[in-house]
Structure formats: structure tokens, C-alpha cells
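Okay, my_file-v6.cif now, which holds mmCIF, C-alpha atoms; chains and numbers go by the auth columns:
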```cif
data_query
loop_
_atom_site.group_PDB
_atom_site.id
_atom_site.type_symbol
_atom_site.label_atom_id
_atom_site.label_comp_id
_atom_site.label_asym_id
_atom_site.label_seq_id
_atom_site.Cartn_x
_atom_site.Cartn_y
_atom_site.Cartn_z
_atom_site.B_iso_or_equiv
_atom_site.auth_seq_id
_atom_site.auth_asym_id
ATOM 1 C CA MET A 1 154.855 53.588 183.800 0.00 246 E
ATOM 2 C CA ASN A 2 151.399 52.235 183.066 0.00 247 E
ATOM 3 C CA ILE A 3 150.410 49.517 180.631 0.00 248 E
ATOM 4 C CA LEU A 4 146.908 49.820 179.240 0.00 249 E
ATOM 5 C CA PRO A 5 144.896 48.644 176.242 0.00 250 E
ATOM 6 C CA ALA A 6 146.235 50.434 173.170 0.00 251 E
ATOM 7 C CA SER A 7 144.252 53.004 171.233 0.00 252 E
ATOM 8 C CA ILE A 8 144.236 53.807 167.547 0.00 253 E
ATOM 9 C CA ASN A 9 146.076 57.041 168.434 0.00 254 E
ATOM 10 C CA ASP A 10 148.815 54.932 170.044 0.00 255 E
ATOM 11 C CA LEU A 11 149.101 52.954 166.845 0.00 256 E
ATOM 12 C CA GLU A 12 149.514 56.166 164.845 0.00 257 E
ATOM 13 C CA GLU A 13 152.478 57.067 167.038 0.00 258 E
ATOM 14 C CA VAL A 14 153.993 53.596 166.662 0.00 259 E
ATOM 15 C CA ILE A 15 153.790 54.023 162.891 0.00 260 E
ATOM 16 C CA SER A 16 155.886 57.196 163.236 0.00 261 E
ATOM 17 C CA TRP A 17 158.682 55.134 164.855 0.00 262 E
ATOM 18 C CA ILE A 18 159.063 52.958 161.742 0.00 263 E
ATOM 19 C CA ALA A 19 160.954 54.799 159.030 0.00 264 E
ATOM 20 C CA THR A 20 162.127 52.017 156.712 0.00 265 E
ATOM 21 C CA GLU A 21 160.908 48.799 155.161 0.00 266 E
ATOM 22 C CA GLU A 22 163.550 46.909 157.156 0.00 267 E
ATOM 23 C CA GLU A 23 162.321 48.389 160.460 0.00 268 E
ATOM 24 C CA CYS A 24 158.783 47.415 159.459 0.00 269 E
ATOM 25 C CA ARG A 25 159.879 43.838 158.701 0.00 270 E
ATOM 26 C CA ILE A 26 161.728 43.540 162.021 0.00 271 E
ATOM 27 C CA TRP A 27 158.759 44.876 163.985 0.00 272 E
ATOM 28 C CA ALA A 28 155.881 43.183 162.191 0.00 273 E
ATOM 29 C CA GLY A 29 157.289 40.454 160.000 0.00 274 E
ATOM 30 C CA PRO A 30 155.879 39.856 156.542 0.00 275 E
ATOM 31 C CA ALA A 31 152.266 40.570 157.568 0.00 276 E
ATOM 32 C CA VAL A 32 152.552 44.356 157.399 0.00 277 E
ATOM 33 C CA THR A 33 152.878 46.259 154.147 0.00 278 E
ATOM 34 C CA PHE A 34 155.347 49.156 153.931 0.00 279 E
ATOM 35 C CA PRO A 35 154.819 52.065 153.740 0.00 280 E
ATOM 36 C CA ILE A 36 152.455 51.564 156.631 0.00 281 E
ATOM 37 C CA SER A 37 148.918 52.864 156.323 0.00 282 E
ATOM 38 C CA LYS A 38 146.866 53.100 159.533 0.00 283 E
ATOM 39 C CA GLY A 39 143.717 51.783 157.893 0.00 284 E
ATOM 40 C CA ARG A 40 145.480 48.776 156.397 0.00 285 E
ATOM 41 C CA LEU A 41 147.542 48.184 159.543 0.00 286 E
ATOM 42 C CA LEU A 42 144.464 47.729 161.729 0.00 287 E
ATOM 43 C CA ASP A 43 143.524 44.683 159.653 0.00 288 E
ATOM 44 C CA GLU A 44 147.058 43.423 159.048 0.00 289 E
ATOM 45 C CA ILE A 45 147.759 43.098 162.788 0.00 290 E
ATOM 46 C CA SER A 46 144.192 42.241 163.905 0.00 291 E
ATOM 47 C CA PHE A 47 144.271 45.290 166.169 0.00 292 E
ATOM 48 C CA CYS A 48 141.819 45.460 169.043 0.00 293 E
ATOM 49 C CA PRO A 49 142.044 46.713 172.657 0.00 294 E
ATOM 50 C CA GLU A 50 141.829 43.121 173.929 0.00 295 E
ATOM 51 C CA ASN A 51 145.089 42.069 172.232 0.00 296 E
ATOM 52 C CA SER A 52 147.070 45.323 171.922 0.00 297 E
ATOM 53 C CA PHE A 53 148.813 47.139 174.763 0.00 298 E
ATOM 54 C CA SER A 54 150.684 50.385 175.241 0.00 299 E
ATOM 55 C CA CYS A 55 153.209 51.342 177.881 0.00 300 E
ATOM 56 C CA ARG A 56 152.894 55.024 178.809 0.00 301 E
ATOM 57 C CA SER A 57 154.435 57.482 181.214 0.00 302 E
ATOM 58 C CA ASP A 58 154.358 61.234 181.651 0.00 303 E
ATOM 59 C CA MET A 59 156.804 61.293 178.716 0.00 304 E
ATOM 60 C CA GLY A 60 154.153 59.759 176.420 0.00 305 E
ATOM 61 C CA LEU A 61 154.026 56.451 174.592 0.00 306 E
ATOM 62 C CA LEU A 62 157.004 54.253 175.454 0.00 307 E
ATOM 63 C CA ALA A 63 156.184 50.856 173.904 0.00 308 E
ATOM 64 C CA PHE A 64 153.569 48.720 172.194 0.00 309 E
ATOM 65 C CA GLY A 65 152.957 44.975 171.990 0.00 310 E
ATOM 66 C CA GLN A 66 150.315 42.358 171.297 0.00 311 E
ATOM 67 C CA VAL A 67 149.171 39.010 172.680 0.00 312 E
ATOM 68 C CA MET A 68 147.486 36.840 170.065 0.00 313 E
ATOM 69 C CA GLN A 69 145.586 33.634 170.872 0.00 314 E
ATOM 70 C CA LYS A 70 146.498 30.619 168.737 0.00 315 E
ATOM 71 C CA GLU A 71 144.287 27.655 167.892 0.00 316 E
ATOM 72 C CA ASP A 72 146.369 25.252 169.981 0.00 317 E
ATOM 73 C CA GLY A 73 145.581 27.253 173.144 0.00 318 E
ATOM 74 C CA ARG A 74 148.928 29.001 173.342 0.00 319 E
ATOM 75 C CA SER A 75 149.357 32.767 173.475 0.00 320 E
ATOM 76 C CA HIS A 76 151.752 34.415 171.038 0.00 321 E
ATOM 77 C CA LEU A 77 153.542 37.712 171.674 0.00 322 E
ATOM 78 C CA ALA A 78 153.758 39.876 168.574 0.00 323 E
ATOM 79 C CA ARG A 79 154.838 43.274 167.314 0.00 324 E
ATOM 80 C CA ILE A 80 156.714 44.398 170.391 0.00 325 E
ATOM 81 C CA ILE A 81 158.317 47.776 169.790 0.00 326 E
ATOM 82 C CA THR A 82 159.906 50.402 172.015 0.00 327 E
ATOM 83 C CA ASN A 83 159.934 54.114 171.278 0.00 328 E
ATOM 84 C CA PRO A 84 163.363 54.815 169.722 0.00 329 E
ATOM 85 C CA THR A 85 164.039 57.507 172.348 0.00 330 E
ATOM 86 C CA CYS A 86 163.525 54.959 175.170 0.00 331 E
ATOM 87 C CA ARG A 87 165.513 51.960 173.951 0.00 332 E
ATOM 88 C CA SER A 88 168.035 50.294 176.291 0.00 333 E
ATOM 89 C CA GLN A 89 166.238 51.751 179.327 0.00 334 E
ATOM 90 C CA GLY A 90 164.243 48.692 180.456 0.00 335 E
ATOM 91 C CA VAL A 91 161.001 49.670 178.742 0.00 336 E
ATOM 92 C CA GLY A 92 161.022 46.608 176.479 0.00 337 E
ATOM 93 C CA ARG A 93 161.552 44.362 179.494 0.00 338 E
ATOM 94 C CA ARG A 94 158.665 46.046 181.298 0.00 339 E
ATOM 95 C CA ILE A 95 156.140 45.575 178.492 0.00 340 E
ATOM 96 C CA CYS A 96 157.342 42.013 177.846 0.00 341 E
ATOM 97 C CA HIS A 97 156.826 41.110 181.525 0.00 342 E
ATOM 98 C CA TYR A 98 153.313 42.498 181.318 0.00 343 E
ATOM 99 C CA LEU A 99 152.511 40.672 178.061 0.00 344 E
ATOM 100 C CA VAL A 100 153.816 37.351 179.407 0.00 345 E
ATOM 101 C CA ASP A 101 151.828 37.709 182.636 0.00 346 E
ATOM 102 C CA TYR A 102 148.698 38.620 180.667 0.00 347 E
ATOM 103 C CA ALA A 103 149.217 35.682 178.306 0.00 348 E
ATOM 104 C CA PHE A 104 149.478 33.233 181.203 0.00 349 E
ATOM 105 C CA GLU A 105 146.317 34.715 182.738 0.00 350 E
ATOM 106 C CA LEU A 106 144.515 33.821 179.511 0.00 351 E
ATOM 107 C CA GLY A 107 145.392 30.161 180.137 0.00 352 E
ATOM 108 C CA GLY A 108 147.024 27.486 178.059 0.00 353 E
ATOM 109 C CA GLY A 109 150.329 27.477 179.937 0.00 354 E
ATOM 110 C CA LYS A 110 152.435 28.292 176.857 0.00 355 E
ATOM 111 C CA VAL A 111 153.600 31.589 175.394 0.00 356 E
ATOM 112 C CA SER A 112 155.489 31.838 172.112 0.00 357 E
ATOM 113 C CA LEU A 113 157.088 34.506 169.957 0.00 358 E
ATOM 114 C CA ASN A 114 159.143 34.873 166.803 0.00 359 E
ATOM 115 C CA VAL A 115 162.255 36.979 166.506 0.00 360 E
ATOM 116 C CA TYR A 116 164.734 37.493 163.718 0.00 361 E
ATOM 117 C CA ARG A 117 168.009 35.737 164.469 0.00 362 E
ATOM 118 C CA GLY A 118 169.939 38.948 163.771 0.00 363 E
ATOM 119 C CA ASN A 119 168.039 40.889 166.455 0.00 364 E
ATOM 120 C CA SER A 120 170.518 40.055 169.202 0.00 365 E
ATOM 121 C CA SER A 121 169.208 42.535 171.779 0.00 366 E
ATOM 122 C CA ALA A 122 165.673 41.097 171.502 0.00 367 E
ATOM 123 C CA LEU A 123 167.016 37.536 171.653 0.00 368 E
ATOM 124 C CA ARG A 124 168.910 38.317 174.858 0.00 369 E
ATOM 125 C CA LEU A 125 165.824 39.926 176.387 0.00 370 E
ATOM 126 C CA TYR A 126 163.545 37.001 175.550 0.00 371 E
ATOM 127 C CA GLU A 127 166.071 34.437 176.811 0.00 372 E
ATOM 128 C CA SER A 128 166.398 36.384 180.076 0.00 373 E
ATOM 129 C CA LEU A 129 162.598 36.176 180.423 0.00 374 E
ATOM 130 C CA GLY A 130 162.697 32.378 180.202 0.00 375 E
ATOM 131 C CA PHE A 131 161.965 31.852 176.511 0.00 376 E
ATOM 132 C CA LYS A 132 163.823 29.004 174.839 0.00 377 E
ATOM 133 C CA GLU A 133 164.448 28.505 171.149 0.00 378 E
ATOM 134 C CA GLN A 134 162.459 25.689 169.594 0.00 379 E
ATOM 135 C CA VAL A 135 165.016 24.485 167.054 0.00 380 E
ATOM 136 C CA GLU A 136 162.528 22.352 165.115 0.00 381 E
ATOM 137 C CA LYS A 137 160.406 25.463 164.410 0.00 382 E
ATOM 138 C CA SER A 138 163.314 27.866 163.791 0.00 383 E
ATOM 139 C CA ASP A 139 165.459 28.412 160.718 0.00 384 E
ATOM 140 C CA ASP A 140 168.504 30.434 159.666 0.00 385 E
ATOM 141 C CA THR A 141 166.512 33.673 159.722 0.00 386 E
ATOM 142 C CA ASN A 142 163.762 33.250 162.319 0.00 387 E
ATOM 143 C CA VAL A 143 163.861 31.996 165.885 0.00 388 E
ATOM 144 C CA PHE A 144 160.664 30.530 167.313 0.00 389 E
ATOM 145 C CA MET A 145 160.760 30.778 171.120 0.00 390 E
ATOM 146 C CA LEU A 146 158.533 29.218 173.761 0.00 391 E
ATOM 147 C CA ARG A 147 158.013 29.706 177.466 0.00 392 E
ATOM 148 C CA THR A 148 155.900 27.421 179.587 0.00 393 E
ATOM 149 C CA LEU A 149 154.485 27.822 183.090 0.00 394 E
#
```
What's the C-alpha cells form of this structure?
Amino acid sequence: MNILPASINDLEEVISWIATEEECRIWAGPAVTFPISKGRLLDEISFCPENSFSCRSDMGLLAFGQVMQKEDGRSHLARIITNPTCRSQGVGRRICHYLVDYAFELGGGKVSLNVYRGNSSALRLYESLGFKEQVEKSDDTNVFMLRTL
């Protein structure tokens, strides 16, 4: 498995993994319009090779994720998705490890993410990676999580 800057072709494949408005909401939150259009998506997620990463193997594209810089100096993980054929095989953990390491290399000492409270598998993964819910920034639907160095 290799993790490299994502390409627009990678993004086209990611779009093919998202079949419903609910899947789009879970992956991208309210920022992305469904049905997804590649042209619109590039702007909606501020896509660029410096903030977007793909996990690949001989099997093809396995996962995608982003690291976004926030004004307060923290890095924010966003739009992490695993190829449906590769779920529950450790691919999500692999790309998350990479994204966290990359975020800490950028500096700031803090990495955050948002996850829907009902996404129990993602919540378990993020907790196992050292993220902790920030109750004051969470609500009944969304969990804001933070990890510090």
C-alpha cells in the first residue's frame, strides 16, 4: 500500500463509491452537493494535491482523505473514505495514520476531525488513534474530536 497525493482521476473514482445523498452527507458533510459533480466537487472540498491523499495498491484505489489547515494553526482531517470493497480490512486505519502523521509534520500540535455520532465504526477507529471527543464542540448529531501531540 502506498499513500500519495491524490489526482483528479482518484477523485472521479471516489465519486463512484458514493451512491446516495446519505452516503455523500456522511463522507463530506453539508459542504458537498448531491448528486456529486466532479467540477463542483473540486471547489466544494478545496481539492489540491497538497491537502488530498490517496491510498493505492496493485488492486487500485483503496482510500482517500484530506488534511485541511485551520486559522488557529490546527490541522483538520476531512472526507476520509474507504473503497467499499476494502472496508473492515485496515485500510481506513492505514490512511488515518498517514493523515495524522502528515498533519503533525505541518506543525501546530493539534489535529481535529468531525464525525457523525451514528458512524460507530469511524468513532471507534478515531478513538483508537487517540482522538477524544470535545463535548463543548459536539452535539447530538456531530462529534468534534481532537488529538494533540
Task: Given the PyMOL selection byres ((chain E and resi 344) around 12), the residues it picks as a PyMOL selection string - done: chain E and resi 248-250+295-300+308-313+320-325+337-343+345-351+356-358+371+374
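Of the residues listed (E:Leu256, E:Gly305, E:Asn364, E:Ile281), E:Leu256 shows the shortest atom-to-atom separation from Cys293 in chain E; distances use all atoms listed in the file.
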Task: Residues near Met304 in chain E, cut-off 12 Å, all atoms listed in the file, skip fewer than 6 positions along chain, as a list of chain:residue names - done: E:Met246, E:Asn247, E:Asn328, E:Thr330, E:Cys331
Task: Residues selected by the PyMOL selection byres ((chain E and resi 386-393) around 12), written as a ChimeraX atom specification - done: /E:270-271,274-275,319-323,345-346,348-349,352-365,367-385,394
Task: Answer key for the PyMOL selection byres ((chain E and resi 266) around 10), residues as JSON, numbers by chain - done: {"E": [263, 264, 265, 267, 268, 269, 270, 271, 272, 277, 278, 279, 280, 281]}
Can you write just those residues out, C-alpha atoms, as a PDB file, in the frame of the given file?
```pdb
ATOM      1  CA  ILE E 263     159.063  52.958 161.742  1.00  0.00           C
ATOM      2  CA  ALA E 264     160.954  54.799 159.030  1.00  0.00           C
ATOM      3  CA  THR E 265     162.127  52.017 156.712  1.00  0.00           C
ATOM      4  CA  GLU E 267     163.550  46.909 157.156  1.00  0.00           C
ATOM      5  CA  GLU E 268     162.321  48.389 160.460  1.00  0.00           C
ATOM      6  CA  CYS E 269     158.783  47.415 159.459  1.00  0.00           C
ATOM      7  CA  ARG E 270     159.879  43.838 158.701  1.00  0.00           C
ATOM      8  CA  ILE E 271     161.728  43.540 162.021  1.00  0.00           C
ATOM      9  CA  TRP E 272     158.759  44.876 163.985  1.00  0.00           C
ATOM     10  CA  VAL E 277     152.552  44.356 157.399  1.00  0.00           C
ATOM     11  CA  THR E 278     152.878  46.259 154.147  1.00  0.00           C
ATOM     12  CA  PHE E 279     155.347  49.156 153.931  1.00  0.00           C
ATOM     13  CA  PRO E 280     154.819  52.065 153.740  1.00  0.00           C
ATOM     14  CA  ILE E 281     152.455  51.564 156.631  1.00  0.00           C
TER      15      ILE E 281
END
```
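Comparing E:Ala273, E:Leu307, E:Gln314, E:Ser252 by their smallest distance to Arg332 in chain E, the closest is E:Leu307 (using all atoms listed in the file).
Our summary of the geometry notes that CA of Lys283 in chain E is positioned 13.1 Å from CA of Trp262 in chain E.
Rounded to one decimal, CA of Ile253 in chain E and CA of Asp303 in chain E lie 18.9 Å from each other.
Here CA of Ile260 in chain E stands at a distance of 9.2 Å from CA of Leu286 in chain E.
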Report the centre and edge lengths, in Å to one decimal, of an axis-aligned box enclosing every atom of range 326-342 of chain E listed in the file, padded by 6 Å on each side, as lines of an AutoDock Vina configuration file.
```
center_x = 162.1
center_y = 49.3
center_z = 175.6
size_x = 23.9
size_y = 28.4
size_z = 23.8
```
